[in-house]
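Notes follow once the structure below has been shown.
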Amino acid sequence: MHSGITVVLAAERIGSVFGFPVTNALIMAWLLMAILIAGVYFFRRSLAIVPGKLQAGVEWAFEGALDYMGETLGSDELARKFFPLVATIFIFVAFINELEFFPGVGSLGLMRGTDFIPLLRAPTTDLNFTLALAIISFLTIEVTGVVTLGIFKYAGKYVNLKSPVGFFVGLLEILSNLGRLITFSFRLFGNIFAGEVVVMVAGYFLPYFLPAPLMGFEMFIGLVQAVVFAILTLFFIKLAIMDPAEAH
Amino acid sequence: MSQLFSAFGIDWHLLIAQAVNFGIVLIALWYFLYKPVMATLDKRREMIAKGVDDARKAGEKLAGADGVAAARVADADKKADGILATAREAANKEKASIVSAAESRAAQVAADAEARAAEEVSRARRESEKDIARLALLAAEKVIREKA
């Protein structure tokens, strides 16, 4: 095997399907999707009016999240509308992050020449995944703003010709909105990727003892990052639907 | 920029693939998790609301039934009073008629007895008159015989 630490920033390509590259992050994403979908499929079949413990827990979480979203967005109807997107971001990202250190992830792989290529890599440590998520979140936020306020009112948030100060505020708004693509994707990628590197380095210096508690901490970080991504999406939706006249 | 992209392995194929993955998860969770759980929550909320409403209605009905029962009891009381009053009146009438019948009967009995007693007296008197006449006759005979 290799001596020392190799940090690979990009997900490694395993093969290709119909000309589309298939990376280890993509394979893991498919695997996790299959597990997640199977899980919710069986959960759905067990749903009952008188809930079991699991269902009661899920319902409690749903109602809590819906209440919180309703308070934030100021309307239960909007909360119900955006709940699926926000909840899916949280569930999918949290699921990926919690299984990031599952045995086999990063350790099962192929030898290509003298290089070891892991077969599975947490999708959140691949910028393609986090950027895709950021783009989805960004597009949802902007489209929601346009649909809710109308194109002219929404554009008025960014293009303001009434005063020089207003003009620069508008420019800053545009920049900060576009910047969300970068902050969203790199925040998640950076936190989770850095966590993996830290665990790797710890395993190099003090194997057997140090990695396990660090993994626990990184799993906590993974949960926090999932919450952050979902909550920020919620807040930005709220900002987008706010009337500019009310906002200032 | 392209150097940065290649350093992070950014590839639009992979971007699309991951976006599609997220879309699939979103749809699957929507269909298997959000929709059924929301439906369950709504259904339960409806059931609870219906239960509360039913309980309220039952309470109202119970209060109404109390009123009806009280009215019925009052009605029955009034009717019973009426029946008692008529019965008492009838009894009084009956009593009066019985008493008057008994009185007239007693008067008749008394009158009969008086009449019979008077007849007995007159009969006794007639008998004694007959006896006296016979005795007088005997006495006269005796006197006449002694004189003769």
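Convention: chains lettered A, B, ... in structure tokens order; per-chain residue numbering from 1; ligands numbered from 1 as shown.
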### Task
Return the neighbours of chain A among the residues of chain B, cut-off 12 Å, counting only C-alpha atoms, as a PyMOL selection string.
chain B and resi 4-48
#### Entry: Shell around Asn177 (chain A) at 9 Å using only C-alpha atoms, local window under 4 positions removed, as a VMD selection string
chain A and resid 138 142 172 to 173 181
### Task
Would you please extract all strand (DSSP E) residues from region 105-220 of chain A, as assigned by DSSP on the backbone, and give them as a list in words?
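After running DSSP on the backbone, region 105-220 of chain A has strand (DSSP E) at Gly109, Leu110, Met111, Arg112, Asp115, Phe116, Ile117 and Pro118 of chain A.
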Got time to write the residues from that selection, N, CA, C and O atoms, as a compact mmCIF listing (two decimals), in the first residue's frame?
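Saved to part_14.txt:
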# COMPACT_ATOMS: atom_id res chain seq x y z
N GLY A 109 -11.45 -0.95 -2.36
CA GLY A 109 -11.09 -0.25 -3.59
C GLY A 109 -10.38 -1.15 -4.58
O GLY A 109 -10.29 -2.37 -4.41
N LEU A 110 -9.93 -0.52 -5.61
CA LEU A 110 -9.23 -1.23 -6.68
C LEU A 110 -7.77 -0.78 -6.70
O LEU A 110 -7.47 0.36 -6.36
N MET A 111 -6.87 -1.67 -7.12
CA MET A 111 -5.50 -1.27 -7.36
C MET A 111 -5.37 -1.00 -8.85
O MET A 111 -5.71 -1.84 -9.68
N ARG A 112 -4.96 0.19 -9.15
CA ARG A 112 -4.73 0.50 -10.56
C ARG A 112 -3.25 0.80 -10.68
O ARG A 112 -2.82 1.89 -10.33
N ASP A 115 -1.44 2.48 -7.77
CA ASP A 115 -2.35 3.40 -7.08
C ASP A 115 -3.56 2.65 -6.54
O ASP A 115 -4.10 1.76 -7.21
N PHE A 116 -3.95 3.05 -5.35
CA PHE A 116 -5.17 2.49 -4.75
C PHE A 116 -6.32 3.45 -5.01
O PHE A 116 -6.24 4.64 -4.72
N ILE A 117 -7.38 2.92 -5.61
CA ILE A 117 -8.55 3.76 -5.91
C ILE A 117 -9.70 3.27 -5.04
O ILE A 117 -10.20 2.16 -5.27
N PRO A 118 -10.13 4.06 -4.03
CA PRO A 118 -11.27 3.61 -3.22
C PRO A 118 -12.54 3.55 -4.06
O PRO A 118 -12.75 4.37 -4.95
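Distance-wise, CA of Val197 (chain A) and CA of Val7 (chain A) end up 7.2 Å apart.
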### Query
Quick one: distance from CA of Ile192 (chain A) to CA of Leu175 (chain A) in Å, one decimal?
25.7 Å
### Message
To test your reading of the structure, identify every residue in region 48-152 of chain A that backbone DSSP assigns to helix (DSSP H, G or I), and report it as a PyMOL selection string.
### Response
chain A and resi 53-73+76-98+123-125+127-149+151-152
### Query
Gly156 (chain A): which residues within 12 Å, counting only C-alpha atoms, same-chain residues fewer than 2 positions away excluded, as a ChimeraX atom specification?
/A:145-146,149-154,158-162,166-167,169-171,173-174,240,243-245
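Counting only C-alpha atoms and comparing A:Met200, A:Leu78, A:Ile141, A:Ala212, the residue that lies closest to Leu178 (chain A) is A:Ile141.
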### Non-local contacts of Gly106 (chain A) (9 Å; only C-alpha atoms; under 3 positions in same chain excluded) as a list of chain:residue names
A:Glu100, A:Phe101, A:Phe102, A:Pro103, A:Gly109, A:Ile117, A:Pro118, A:Leu119, A:Leu120, A:Arg121, A:Ala122
### Task
One decimal, Å: what's the distance from CA of Gly216 (chain A) over to CA of Val198 (chain A), could you say?
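So the answer is 12.2 Å.
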